[in-house]
Amino acid sequence: MRMGPSMAWICPLQPAQNDRAFHRPRSAVRGSAFPAARLHYTLHRMVGPAPICHYLQPHPEERAMSDHVVTSQLNAIFQPSSIAVVGASTRAGTVGNDLFRNLLFNEFNGPVYPVNPKANNVLGVHAYPDLPSVPGEVDLAVLIVPAAAVLQVVDQAIAKGVKSLVVISAGFKETGGKGAELERQLRDKVRAAKIPLIGPNCLGVINTDPAVRMNAAFGRKMPGPGNLAFLSQSGALCTSVLDYAEERHMGFSKFISFGNKADINEIDLLEYLAKDPTTDVIAMYLEDISDGRRFIETVGKIFWETHKPMLCLKSGRTPEGAKAVSSHTGSLAGSDAVYDALLVQSGVQRVDTISELFDSAALYCNQPLPRGNRVAIITNAGGPGIMATDSAVRFGLKLAELSPATQEKLKAALPPTASLRNPVDVIGDARADRYQAAVQTVLEDDQVDMGMVILTPQSMTEVEETAAGIPDAVRGIKKPVVCAFMGAKDVAAGVDILRQAGIPNYPFPEDGMRSLAAAERLVALQEIPRREMRLFQDLDVEKAKSLIAKALDGQDKRYLTQSECRPLLECYGLPLLRSAVVQTADEAADAAKSFGTPIVMKVMSEDVVHKFDAGGVLLNIRGPEEAANAFQKITQNVGKAVPGARIQGMLIEEMAGKGAEVILGASRDSQFGPLMMFGLGGTLVEVLKDVSFRLAPMWRISAERMVRQIRSFKVLDGFRGSPPSDVDAIVDTLLRLSEMVCNHPEISELDINPLIVHAQGEGCSVADSRVMLRKP
């Protein structure tokens, strides 16, 4: 939101003279019969953790951002007793006029002071030439002035003792160069003065609490009160959201556009909203996150202590331009994977669209959360019932099996042609009474955790009467119920009735099922047991540091071959196979003889990253003669695939026992630090992309959920007669790797691919590994 050059504003250098305040009753504010130049309108208030890695510490500027922010200080922004609008304008259609009008005519419960050196009054309220001229205390100053004038106004605010600031003005960091420097100076000033600031480059803030009624934003609408808080980095998006929410009869407790977040950021706001008694659900639009580690710790604590649902639309899912990486993990772990991990570990549900965000918010704000994942469907049309069933299964819900008693009750209430099994088809000629009986009977069944009511508008359908009967049918039943009144114009009146009664309606069954499934996942997340951080006692951290220092030896980066990785992995107790390094075919033959078991031979070369692709790995080699031939074969293969490759020898390992192949990895994000990866292993990992991510360090429960999150987990859980894999061994290995990458910032990328996971109780084996070291 940029202010156009047409906005008239001159920062005054001299104080105003003869300040006088005149008061009039609230009922007179909308009229213009009084001499506006002598009026000053006053409204009176109605009512008076986890360990942190050293390299994951926030940048000093980010840390300073929140040191002075406490709830009482943010109250000056959201519950001010008085507001000054610096840059209030007399010209209709300007930001300064619209914002002041919103404060005035939405009846903010306190004095509102317009500050404009070129006007005697703004909308009939006495105007002041500058902040020092405003009589009395000012809790909140809203700045709508050119960027170049902001610092001078902030100096005035500090001198006057203003308690908080909202800077609407654009022209700061978002413009780069000089704007970024101006924003830095602004941040330094307010932090030194310990004055919380929202913005710059924002729409403003709204508090619908009847005791406050503050609309300090320049949107077109004042939303109604509600229990949903919304915060957004994008001001333009906010105006659309206000309009969208109004159509859905959704109100807000707080509505916050925080723009460039020079001072107050999303974490500060979430901390405040966690303690806000009028906020039960939090929705947010974010373009970036200021401090990943603090976000996880703070927001995770909020979620697991308050159980307030938090929804996030994080933009930027598409990856940035491809960059050269040397590991599977690096190629799979784009910036969006970091945010996915960050939000999951914080208890925040990520959505893909604004529509999905408000679909879930409507459910969380108005309905109880489900006790399980069994859903019942009541419909007057077979096709939509099948659509709902398919989407329920697709989103991870189960179709509830209705009890015989429930089916007997339905048999008495429905015609013979009706379906008494789930989905319950009340038939196309169903009127309101039949719907009401079916909904109540089905939702009272103890084997049902949630319900969806589908209505297609047919000639005999009583749309409005049916909508009015559903709230009566579910009254006293503490289970979530959603509707899918399909259509638009024909069902509009019924949809309006449902939404006013607090029952979410979705245009199609799939949207409602997605929201019910999200609610079920939310409950599962809330019920996660106490999180524990496992600290291993058998690690040799100092030896690992020494190995890394020796390997780098003054270089900026160094790729470690598998044999070079082994001593490092041994320091962290990873399950390694018996091995030997050989330089000649004769040595390979001798090693094979001494092993006495089938072996694997792998090329050792910094120039060969993907050994299988280069023909640098041969399996199931038996006996000395095969070993000698394998040595020659690999040498020839690599010479053809990677001409000029420097071969340091061959690594011989015993063949691992039977098991599933998985990949464990780590990469390092420049902002958030180490990122762990898990998925099915092998050469197709980058094609299948069935992987999950978490930021390190991890709680044990995070590692467990990370393993179970992949789509193909059934392969590890026992598939087609194979025994279940040792998932505990995977979790243990993930946590050891997590601790390793936290302790050693030189580890830039790491792959263990594959890790062979044996049957439950038999552990796992590292079959191949690679590490990229970089000087931090």
# chains A, B, ... in the order shown; residues from 1 in each chain; ligands from 1

$ select_by_dssp --residues "range 421-465 of chain A" --states "strand (DSSP E or B)" --output "PyMOL selection string"
chain A and resi 424-425+450-455

$ write_last_selection --atoms "all heavy atoms" --output "mmCIF file, in the first residue's frame"
data_model
loop_
_atom_site.group_PDB
_atom_site.id
_atom_site.type_symbol
_atom_site.label_atom_id
_atom_site.label_comp_id
_atom_site.auth_asym_id
_atom_site.auth_seq_id
_atom_site.Cartn_x
_atom_site.Cartn_y
_atom_site.Cartn_z
ATOM 1 N N VAL A 424 -26.521 -42.171 4.330
ATOM 2 C CA VAL A 424 -27.970 -42.307 4.448
ATOM 3 C C VAL A 424 -28.625 -41.441 3.375
ATOM 4 O O VAL A 424 -28.458 -40.217 3.368
ATOM 5 C CB VAL A 424 -28.456 -41.877 5.850
ATOM 6 C CG1 VAL A 424 -29.976 -41.915 5.918
ATOM 7 C CG2 VAL A 424 -27.840 -42.773 6.914
ATOM 8 N N ASP A 425 -29.367 -42.087 2.470
ATOM 9 C CA ASP A 425 -30.040 -41.374 1.383
ATOM 10 C C ASP A 425 -31.515 -41.214 1.749
ATOM 11 O O ASP A 425 -32.273 -42.192 1.781
ATOM 12 C CB ASP A 425 -29.891 -42.161 0.077
ATOM 13 C CG ASP A 425 -30.358 -41.376 -1.139
ATOM 14 O OD1 ASP A 425 -31.070 -40.362 -0.955
ATOM 15 O OD2 ASP A 425 -30.020 -41.774 -2.265
ATOM 16 N N MET A 450 -18.770 -37.375 13.592
ATOM 17 C CA MET A 450 -19.030 -36.109 12.893
ATOM 18 C C MET A 450 -19.998 -36.381 11.759
ATOM 19 O O MET A 450 -20.192 -37.534 11.355
ATOM 20 C CB MET A 450 -17.731 -35.521 12.356
ATOM 21 C CG MET A 450 -17.031 -36.382 11.332
ATOM 22 S SD MET A 450 -15.363 -35.809 10.886
ATOM 23 C CE MET A 450 -14.364 -36.734 12.051
ATOM 24 N N GLY A 451 -20.622 -35.300 11.266
ATOM 25 C CA GLY A 451 -21.613 -35.511 10.230
ATOM 26 C C GLY A 451 -21.589 -34.459 9.138
ATOM 27 O O GLY A 451 -21.182 -33.313 9.365
ATOM 28 N N MET A 452 -22.038 -34.871 7.949
ATOM 29 C CA MET A 452 -22.225 -33.946 6.833
ATOM 30 C C MET A 452 -23.633 -34.125 6.289
ATOM 31 O O MET A 452 -24.077 -35.249 6.042
ATOM 32 C CB MET A 452 -21.210 -34.204 5.723
ATOM 33 C CG MET A 452 -21.531 -33.435 4.435
ATOM 34 S SD MET A 452 -20.298 -33.634 3.134
ATOM 35 C CE MET A 452 -19.064 -32.477 3.707
ATOM 36 N N VAL A 453 -24.307 -32.993 6.091
ATOM 37 C CA VAL A 453 -25.654 -32.999 5.537
ATOM 38 C C VAL A 453 -25.592 -32.395 4.135
ATOM 39 O O VAL A 453 -25.188 -31.242 3.969
ATOM 40 C CB VAL A 453 -26.633 -32.192 6.415
ATOM 41 C CG1 VAL A 453 -28.030 -32.257 5.832
ATOM 42 C CG2 VAL A 453 -26.617 -32.714 7.849
ATOM 43 N N ILE A 454 -25.991 -33.175 3.137
ATOM 44 C CA ILE A 454 -25.955 -32.729 1.742
ATOM 45 C C ILE A 454 -27.381 -32.480 1.255
ATOM 46 O O ILE A 454 -28.289 -33.300 1.498
ATOM 47 C CB ILE A 454 -25.282 -33.782 0.847
ATOM 48 C CG1 ILE A 454 -23.847 -34.051 1.316
ATOM 49 C CG2 ILE A 454 -25.284 -33.333 -0.616
ATOM 50 C CD1 ILE A 454 -23.174 -35.200 0.594
ATOM 51 N N LEU A 455 -27.580 -31.361 0.588
ATOM 52 C CA LEU A 455 -28.884 -31.042 0.010
ATOM 53 C C LEU A 455 -28.695 -30.564 -1.418
ATOM 54 O O LEU A 455 -27.885 -29.662 -1.678
ATOM 55 C CB LEU A 455 -29.592 -29.975 0.844
ATOM 56 C CG LEU A 455 -30.971 -29.499 0.358
ATOM 57 C CD1 LEU A 455 -31.877 -29.174 1.550
ATOM 58 C CD2 LEU A 455 -30.863 -28.273 -0.547
#

$ residues_around --residues "Cys565 in chain A" --least-positions-apart "2" --cutoff "10 Å" --atoms "only C-alpha atoms" --output "PyMOL selection string"
chain A and resi 547-548+559-563+567-570+750+768-772

$ residues_around --residues "range 96-108 of chain A" --least-positions-apart "2" --cutoff "8 Å" --atoms "only C-alpha atoms" --output "list in words"
Arg26, Val29, Arg30, Leu43, Val85, Gly87, Ala88, Ser89, Thr90, Arg91, Ala92, Gly93, Thr94, Gly110, Pro111, Val112, Pro114, Val122, Leu123, Ile144, Val212, Arg213, Met214, Asn215, Ala216, Ala217, Phe218, Gly219 and Met222 of chain A

$ residues_around --residues "range 763-766 of chain A" --least-positions-apart "5" --cutoff "7 Å" --atoms "only C-alpha atoms" --output "PyMOL selection string"
chain A and resi 575-577+656+726+729+752+754-758

$ write_last_selection --atoms "N, CA, C and O atoms" --output "PDB file, in the first residue's frame"
ATOM      1  N   PRO A 575      24.664 -47.229  13.119  1.00  0.00           N
ATOM      2  CA  PRO A 575      24.861 -48.678  12.886  1.00  0.00           C
ATOM      3  C   PRO A 575      25.576 -48.936  11.563  1.00  0.00           C
ATOM      4  O   PRO A 575      24.963 -48.968  10.496  1.00  0.00           O
ATOM      5  N   LEU A 576      26.887 -49.141  11.629  1.00  0.00           N
ATOM      6  CA  LEU A 576      27.714 -49.325  10.440  1.00  0.00           C
ATOM      7  C   LEU A 576      28.002 -50.805  10.206  1.00  0.00           C
ATOM      8  O   LEU A 576      28.080 -51.596  11.142  1.00  0.00           O
ATOM      9  N   LEU A 577      28.192 -51.149   8.943  1.00  0.00           N
ATOM     10  CA  LEU A 577      28.549 -52.517   8.571  1.00  0.00           C
ATOM     11  C   LEU A 577      30.062 -52.706   8.619  1.00  0.00           C
ATOM     12  O   LEU A 577      30.824 -51.745   8.473  1.00  0.00           O
ATOM     13  N   ALA A 656      24.401 -56.225   3.779  1.00  0.00           N
ATOM     14  CA  ALA A 656      23.427 -56.090   4.861  1.00  0.00           C
ATOM     15  C   ALA A 656      22.346 -57.145   4.717  1.00  0.00           C
ATOM     16  O   ALA A 656      22.076 -57.646   3.622  1.00  0.00           O
ATOM     17  N   ASP A 726      11.817 -52.132  11.763  1.00  0.00           N
ATOM     18  CA  ASP A 726      12.210 -51.597  13.072  1.00  0.00           C
ATOM     19  C   ASP A 726      12.157 -50.066  13.038  1.00  0.00           C
ATOM     20  O   ASP A 726      13.181 -49.396  12.855  1.00  0.00           O
ATOM     21  N   ALA A 729      14.335 -48.103  15.435  1.00  0.00           N
ATOM     22  CA  ALA A 729      15.738 -47.944  15.032  1.00  0.00           C
ATOM     23  C   ALA A 729      15.890 -46.761  14.073  1.00  0.00           C
ATOM     24  O   ALA A 729      16.890 -46.040  14.119  1.00  0.00           O
ATOM     25  N   ILE A 752      22.245 -40.521   4.016  1.00  0.00           N
ATOM     26  CA  ILE A 752      22.427 -41.957   4.243  1.00  0.00           C
ATOM     27  C   ILE A 752      21.398 -42.632   3.356  1.00  0.00           C
ATOM     28  O   ILE A 752      20.194 -42.590   3.634  1.00  0.00           O
ATOM     29  N   PRO A 754      21.197 -46.153   0.840  1.00  0.00           N
ATOM     30  CA  PRO A 754      20.068 -46.425   1.726  1.00  0.00           C
ATOM     31  C   PRO A 754      20.504 -46.757   3.159  1.00  0.00           C
ATOM     32  O   PRO A 754      21.644 -47.164   3.394  1.00  0.00           O
ATOM     33  N   LEU A 755      19.570 -46.584   4.060  1.00  0.00           N
ATOM     34  CA  LEU A 755      19.638 -47.194   5.387  1.00  0.00           C
ATOM     35  C   LEU A 755      18.768 -48.444   5.284  1.00  0.00           C
ATOM     36  O   LEU A 755      17.587 -48.350   4.951  1.00  0.00           O
ATOM     37  N   ILE A 756      19.367 -49.601   5.516  1.00  0.00           N
ATOM     38  CA  ILE A 756      18.609 -50.855   5.442  1.00  0.00           C
ATOM     39  C   ILE A 756      17.943 -51.078   6.796  1.00  0.00           C
ATOM     40  O   ILE A 756      18.632 -51.213   7.816  1.00  0.00           O
ATOM     41  N   VAL A 757      16.624 -51.116   6.795  1.00  0.00           N
ATOM     42  CA  VAL A 757      15.873 -51.296   8.041  1.00  0.00           C
ATOM     43  C   VAL A 757      15.406 -52.734   8.122  1.00  0.00           C
ATOM     44  O   VAL A 757      14.636 -53.210   7.266  1.00  0.00           O
ATOM     45  N   HIS A 758      15.870 -53.438   9.137  1.00  0.00           N
ATOM     46  CA  HIS A 758      15.553 -54.849   9.300  1.00  0.00           C
ATOM     47  C   HIS A 758      14.223 -55.012  10.044  1.00  0.00           C
ATOM     48  O   HIS A 758      13.558 -54.033  10.378  1.00  0.00           O
TER      49      HIS A 758
END

$ select_by_dssp --residues "range 413-451 of chain A" --states "alpha helix (DSSP H)" --output "PyMOL selection string"
chain A and resi 413+432-443

$ write_last_selection --atoms "N, CA, C and O atoms" --output "CSV table (one decimal), in the first residue's frame"
chain,number,residue,atom,x,y,z
A,413,ALA,N,-38.5,-43.8,10.2
A,413,ALA,CA,-38.7,-42.4,9.9
A,413,ALA,C,-38.6,-42.1,8.4
A,413,ALA,O,-39.0,-41.1,7.9
A,432,ALA,N,-38.3,-31.1,5.0
A,432,ALA,CA,-37.6,-30.7,6.2
A,432,ALA,C,-37.7,-31.7,7.4
A,432,ALA,O,-36.7,-31.9,8.1
A,433,ASP,N,-38.9,-32.2,7.6
A,433,ASP,CA,-39.1,-33.1,8.7
A,433,ASP,C,-38.3,-34.4,8.6
A,433,ASP,O,-37.8,-34.9,9.6
A,434,ARG,N,-38.2,-34.9,7.3
A,434,ARG,CA,-37.5,-36.1,7.1
A,434,ARG,C,-36.0,-35.9,7.3
A,434,ARG,O,-35.3,-36.7,7.9
A,435,TYR,N,-35.5,-34.8,6.8
A,435,TYR,CA,-34.1,-34.4,7.0
A,435,TYR,C,-33.8,-34.3,8.5
A,435,TYR,O,-32.8,-34.9,9.0
A,436,GLN,N,-34.7,-33.6,9.3
A,436,GLN,CA,-34.4,-33.4,10.7
A,436,GLN,C,-34.3,-34.7,11.5
A,436,GLN,O,-33.5,-34.9,12.3
A,437,ALA,N,-35.3,-35.6,11.2
A,437,ALA,CA,-35.3,-36.9,11.9
A,437,ALA,C,-34.1,-37.7,11.5
A,437,ALA,O,-33.5,-38.3,12.4
A,438,ALA,N,-33.6,-37.7,10.3
A,438,ALA,CA,-32.5,-38.5,9.9
A,438,ALA,C,-31.2,-37.9,10.5
A,438,ALA,O,-30.4,-38.6,11.0
A,439,VAL,N,-31.1,-36.6,10.5
A,439,VAL,CA,-29.8,-36.0,11.0
A,439,VAL,C,-29.7,-36.2,12.5
A,439,VAL,O,-28.7,-36.6,13.0
A,440,GLN,N,-30.8,-36.1,13.3
A,440,GLN,CA,-30.8,-36.3,14.7
A,440,GLN,C,-30.5,-37.7,15.0
A,440,GLN,O,-29.6,-38.0,15.9
A,441,THR,N,-31.1,-38.6,14.3
A,441,THR,CA,-31.0,-40.1,14.6
A,441,THR,C,-29.5,-40.5,14.3
A,441,THR,O,-28.9,-41.2,15.2
A,442,VAL,N,-29.0,-40.1,13.2
A,442,VAL,CA,-27.6,-40.5,12.9
A,442,VAL,C,-26.6,-39.9,13.8
A,442,VAL,O,-25.6,-40.6,14.2
A,443,LEU,N,-26.7,-38.6,14.1
A,443,LEU,CA,-25.7,-38.0,14.9
A,443,LEU,C,-25.7,-38.4,16.4
A,443,LEU,O,-24.8,-38.3,17.1

$ residues_around --residues "range 397-409 of chain A" --least-positions-apart "4" --cutoff "9 Å" --atoms "only C-alpha atoms" --output "ChimeraX atom specification"
/A:372-377,389,391-393,413-414,420-423,438,441-442,444-450,513,516-517,520

$ atom_distance --atom1 "CA of Gln583 in chain A" --atom2 "CA of Gly649 in chain A"
4.7 Å

$ atom_distance --atom1 "CA of Val707 in chain A" --atom2 "CA of Val691 in chain A"
8.8 Å

$ closest_atom_pairs --of "range 227-329 of chain A" --to "range 485-500 of chain A" --cutoff "10 Å" --atoms "only C-alpha atoms" --output "CSV"
residue,atom,partner,partner_atom,distance
A:Glu247,CA,A:Asp496,CA,9.1
A:Arg248,CA,A:Arg499,CA,6.9
A:His249,CA,A:Arg499,CA,6.3
A:Met250,CA,A:Arg499,CA,8.4

$ residues_around --residues "Asp288 in chain A" --least-positions-apart "3" --cutoff "12 Å" --atoms "only C-alpha atoms" --output "compact mmCIF listing (two decimals) with all heavy atoms, in the first residue's frame"
# COMPACT_ATOMS: atom_id res chain seq x y z
N SER A 232 -1.93 -10.63 8.81
CA SER A 232 -1.46 -10.76 7.45
C SER A 232 -0.31 -9.82 7.17
O SER A 232 -0.31 -8.67 7.61
CB SER A 232 -2.61 -10.47 6.47
OG SER A 232 -2.14 -10.39 5.14
N GLN A 233 0.67 -10.32 6.41
CA GLN A 233 1.72 -9.44 5.92
C GLN A 233 1.24 -8.59 4.75
O GLN A 233 1.77 -7.51 4.50
CB GLN A 233 2.93 -10.27 5.47
CG GLN A 233 3.86 -10.64 6.60
CD GLN A 233 5.07 -11.41 6.12
OE1 GLN A 233 5.12 -12.62 6.21
NE2 GLN A 233 6.07 -10.72 5.62
N SER A 234 0.25 -9.07 4.04
CA SER A 234 -0.26 -8.35 2.87
C SER A 234 -1.46 -7.50 3.26
O SER A 234 -2.48 -8.03 3.70
CB SER A 234 -0.66 -9.34 1.78
OG SER A 234 -1.40 -8.69 0.77
N GLY A 259 2.41 -5.70 7.76
CA GLY A 259 3.32 -5.16 6.75
C GLY A 259 4.75 -5.66 6.85
O GLY A 259 5.02 -6.85 6.94
N ASN A 260 5.69 -4.70 6.90
CA ASN A 260 7.12 -5.02 6.85
C ASN A 260 7.66 -5.57 8.16
O ASN A 260 8.82 -5.95 8.23
CB ASN A 260 7.92 -3.79 6.47
CG ASN A 260 7.70 -3.37 5.04
OD1 ASN A 260 6.84 -3.90 4.35
ND2 ASN A 260 8.45 -2.39 4.58
N LYS A 261 6.87 -5.53 9.22
CA LYS A 261 7.25 -6.01 10.56
C LYS A 261 8.65 -5.52 10.97
O LYS A 261 9.50 -6.31 11.37
CB LYS A 261 7.12 -7.52 10.67
CG LYS A 261 7.79 -8.36 9.60
CD LYS A 261 7.51 -9.84 9.84
CE LYS A 261 8.13 -10.71 8.77
NZ LYS A 261 7.89 -12.13 8.99
N ASN A 265 6.54 -8.51 15.08
CA ASN A 265 6.43 -9.51 14.02
C ASN A 265 5.34 -10.51 14.34
O ASN A 265 4.62 -10.39 15.34
CB ASN A 265 7.78 -10.20 13.78
CG ASN A 265 8.25 -10.99 14.99
OD1 ASN A 265 7.46 -11.40 15.84
ND2 ASN A 265 9.55 -11.22 15.07
N GLU A 266 5.20 -11.50 13.48
CA GLU A 266 4.11 -12.46 13.62
C GLU A 266 4.21 -13.24 14.93
O GLU A 266 3.18 -13.62 15.52
CB GLU A 266 4.08 -13.42 12.43
CG GLU A 266 5.23 -14.40 12.32
CD GLU A 266 6.51 -13.76 11.78
OE1 GLU A 266 6.47 -12.60 11.32
OE2 GLU A 266 7.57 -14.42 11.82
N ILE A 267 5.41 -13.48 15.43
CA ILE A 267 5.55 -14.25 16.67
C ILE A 267 5.05 -13.44 17.86
O ILE A 267 4.36 -13.95 18.74
CB ILE A 267 7.02 -14.68 16.87
CG1 ILE A 267 7.54 -15.40 15.62
CG2 ILE A 267 7.16 -15.58 18.09
CD1 ILE A 267 9.02 -15.71 15.64
N MET A 284 -3.72 -16.87 9.64
CA MET A 284 -2.68 -15.93 9.24
C MET A 284 -2.24 -16.16 7.80
O MET A 284 -2.30 -17.27 7.28
CB MET A 284 -1.48 -16.03 10.18
CG MET A 284 -0.81 -17.38 10.21
SD MET A 284 0.39 -17.57 11.57
CE MET A 284 -0.46 -18.78 12.59
N TYR A 285 -1.83 -15.05 7.18
CA TYR A 285 -1.18 -15.10 5.88
C TYR A 285 0.25 -14.61 6.07
O TYR A 285 0.47 -13.48 6.53
CB TYR A 285 -1.90 -14.22 4.86
CG TYR A 285 -1.08 -14.02 3.59
CD1 TYR A 285 -1.04 -15.00 2.60
CD2 TYR A 285 -0.32 -12.87 3.41
CE1 TYR A 285 -0.27 -14.84 1.46
CE2 TYR A 285 0.46 -12.70 2.26
CZ TYR A 285 0.48 -13.69 1.30
OH TYR A 285 1.24 -13.52 0.18
N ASP A 291 12.00 -15.67 12.56
CA ASP A 291 12.97 -16.43 13.35
C ASP A 291 12.42 -17.84 13.53
O ASP A 291 11.54 -18.06 14.36
CB ASP A 291 13.20 -15.72 14.68
CG ASP A 291 14.10 -16.51 15.63
OD1 ASP A 291 14.54 -17.61 15.27
OD2 ASP A 291 14.37 -16.01 16.74
N GLY A 292 12.92 -18.79 12.74
CA GLY A 292 12.35 -20.12 12.73
C GLY A 292 12.41 -20.82 14.07
O GLY A 292 11.43 -21.43 14.50
N PHE A 295 10.01 -19.28 16.46
CA PHE A 295 8.64 -19.59 16.03
C PHE A 295 8.24 -20.97 16.54
O PHE A 295 7.16 -21.13 17.10
CB PHE A 295 8.57 -19.53 14.50
CG PHE A 295 7.17 -19.62 13.95
CD1 PHE A 295 6.48 -18.48 13.63
CD2 PHE A 295 6.56 -20.85 13.74
CE1 PHE A 295 5.19 -18.55 13.11
CE2 PHE A 295 5.28 -20.94 13.24
CZ PHE A 295 4.59 -19.79 12.91
N CYS A 312 -2.49 -21.38 8.72
CA CYS A 312 -1.55 -20.49 8.02
C CYS A 312 -1.59 -20.73 6.52
O CYS A 312 -1.47 -21.87 6.06
CB CYS A 312 -0.13 -20.72 8.54
SG CYS A 312 1.11 -19.69 7.70
N LEU A 313 -1.77 -19.65 5.78
CA LEU A 313 -1.55 -19.66 4.34
C LEU A 313 -0.19 -19.03 4.12
O LEU A 313 0.00 -17.83 4.29
CB LEU A 313 -2.63 -18.86 3.62
CG LEU A 313 -2.43 -18.67 2.11
CD1 LEU A 313 -2.35 -20.01 1.40
CD2 LEU A 313 -3.55 -17.82 1.52
N LYS A 314 0.80 -19.86 3.79
CA LYS A 314 2.16 -19.39 3.55
C LYS A 314 2.39 -19.37 2.05
O LYS A 314 2.37 -20.40 1.39
CB LYS A 314 3.17 -20.31 4.25
CG LYS A 314 4.60 -20.16 3.81
CD LYS A 314 5.17 -18.80 4.15
CE LYS A 314 6.61 -18.69 3.66
NZ LYS A 314 6.74 -18.67 2.18
N SER A 315 2.62 -18.20 1.49
CA SER A 315 2.81 -18.08 0.05
C SER A 315 4.22 -18.52 -0.33
O SER A 315 5.11 -18.64 0.51
CB SER A 315 2.58 -16.64 -0.40
OG SER A 315 3.50 -15.77 0.24
N GLY A 316 4.44 -18.77 -1.61
CA GLY A 316 5.76 -19.13 -2.12
C GLY A 316 6.02 -20.61 -2.13
O GLY A 316 7.12 -21.06 -1.81
N ARG A 317 5.01 -21.41 -2.47
CA ARG A 317 5.23 -22.86 -2.52
C ARG A 317 6.14 -23.28 -3.67
O ARG A 317 6.84 -24.27 -3.57
CB ARG A 317 3.88 -23.58 -2.65
CG ARG A 317 3.22 -23.87 -1.30
CD ARG A 317 2.23 -25.00 -1.44
NE ARG A 317 1.54 -25.31 -0.21
CZ ARG A 317 2.01 -26.16 0.70
NH1 ARG A 317 3.18 -26.71 0.54
NH2 ARG A 317 1.31 -26.42 1.79
N SER A 335 13.03 -24.29 -0.24
CA SER A 335 12.67 -23.40 0.85
C SER A 335 11.29 -23.71 1.39
O SER A 335 11.01 -23.53 2.58
CB SER A 335 12.74 -21.95 0.38
OG SER A 335 11.82 -21.73 -0.68
N ASP A 336 10.37 -24.19 0.54
CA ASP A 336 9.03 -24.47 1.01
C ASP A 336 9.01 -25.65 1.96
O ASP A 336 8.18 -25.72 2.88
CB ASP A 336 8.11 -24.73 -0.17
CG ASP A 336 6.65 -24.67 0.22
OD1 ASP A 336 6.21 -23.60 0.68
OD2 ASP A 336 5.95 -25.68 0.09
N VAL A 338 11.18 -26.24 4.16
CA VAL A 338 11.56 -25.71 5.47
C VAL A 338 10.33 -25.16 6.18
O VAL A 338 10.11 -25.43 7.37
CB VAL A 338 12.61 -24.59 5.31
CG1 VAL A 338 13.01 -24.05 6.68
CG2 VAL A 338 13.83 -25.11 4.58
N TYR A 339 9.52 -24.42 5.46
CA TYR A 339 8.32 -23.85 6.08
C TYR A 339 7.31 -24.93 6.43
O TYR A 339 6.63 -24.84 7.47
CB TYR A 339 7.70 -22.81 5.15
CG TYR A 339 8.44 -21.50 5.17
CD1 TYR A 339 9.25 -21.11 4.11
CD2 TYR A 339 8.36 -20.65 6.27
CE1 TYR A 339 9.95 -19.92 4.14
CE2 TYR A 339 9.05 -19.45 6.31
CZ TYR A 339 9.84 -19.09 5.24
OH TYR A 339 10.54 -17.91 5.28
N ASP A 340 7.19 -25.95 5.60
CA ASP A 340 6.31 -27.07 5.96
C ASP A 340 6.74 -27.67 7.29
O ASP A 340 5.92 -27.91 8.18
CB ASP A 340 6.37 -28.14 4.86
CG ASP A 340 5.21 -28.02 3.88
OD1 ASP A 340 4.21 -27.38 4.22
OD2 ASP A 340 5.33 -28.56 2.77
N LEU A 342 8.62 -26.32 9.63
CA LEU A 342 8.49 -25.32 10.68
C LEU A 342 7.06 -25.26 11.22
O LEU A 342 6.83 -25.25 12.44
CB LEU A 342 8.89 -23.95 10.12
CG LEU A 342 8.92 -22.77 11.09
CD1 LEU A 342 10.32 -22.59 11.63
CD2 LEU A 342 8.49 -21.50 10.38
N LEU A 343 6.08 -25.24 10.32
CA LEU A 343 4.69 -25.12 10.73
C LEU A 343 4.21 -26.40 11.40
O LEU A 343 3.52 -26.35 12.43
CB LEU A 343 3.82 -24.78 9.52
CG LEU A 343 4.09 -23.39 8.92
CD1 LEU A 343 3.36 -23.22 7.59
CD2 LEU A 343 3.69 -22.28 9.88
N GLN A 671 18.66 -19.54 6.64
CA GLN A 671 17.94 -18.79 7.66
C GLN A 671 17.60 -19.62 8.89
O GLN A 671 17.70 -19.15 10.02
CB GLN A 671 16.64 -18.21 7.08
CG GLN A 671 15.87 -17.34 8.06
CD GLN A 671 14.59 -16.79 7.46
OE1 GLN A 671 14.22 -17.13 6.34
NE2 GLN A 671 13.91 -15.94 8.20
N PHE A 672 17.20 -20.88 8.67
CA PHE A 672 16.66 -21.67 9.77
C PHE A 672 17.58 -22.78 10.26
O PHE A 672 17.24 -23.50 11.18
CB PHE A 672 15.31 -22.27 9.36
CG PHE A 672 14.28 -21.23 9.02
CD1 PHE A 672 13.58 -21.29 7.84
CD2 PHE A 672 14.05 -20.17 9.88
CE1 PHE A 672 12.63 -20.34 7.52
CE2 PHE A 672 13.10 -19.21 9.57
CZ PHE A 672 12.40 -19.28 8.39

$ residues_around --residues "range 732-745 of chain A" --least-positions-apart "6" --cutoff "10 Å" --atoms "only C-alpha atoms" --output "ChimeraX atom specification"
/A:52-56,533-536,539,541-542,544-545,548,568-569,571-575,664-668,673-678,694-700,702-704,706-707,752,755,763-766,773-776

$ atom_distance --atom1 "CA of Glu246 in chain A" --atom2 "CA of Asn227 in chain A"
14.1 Å
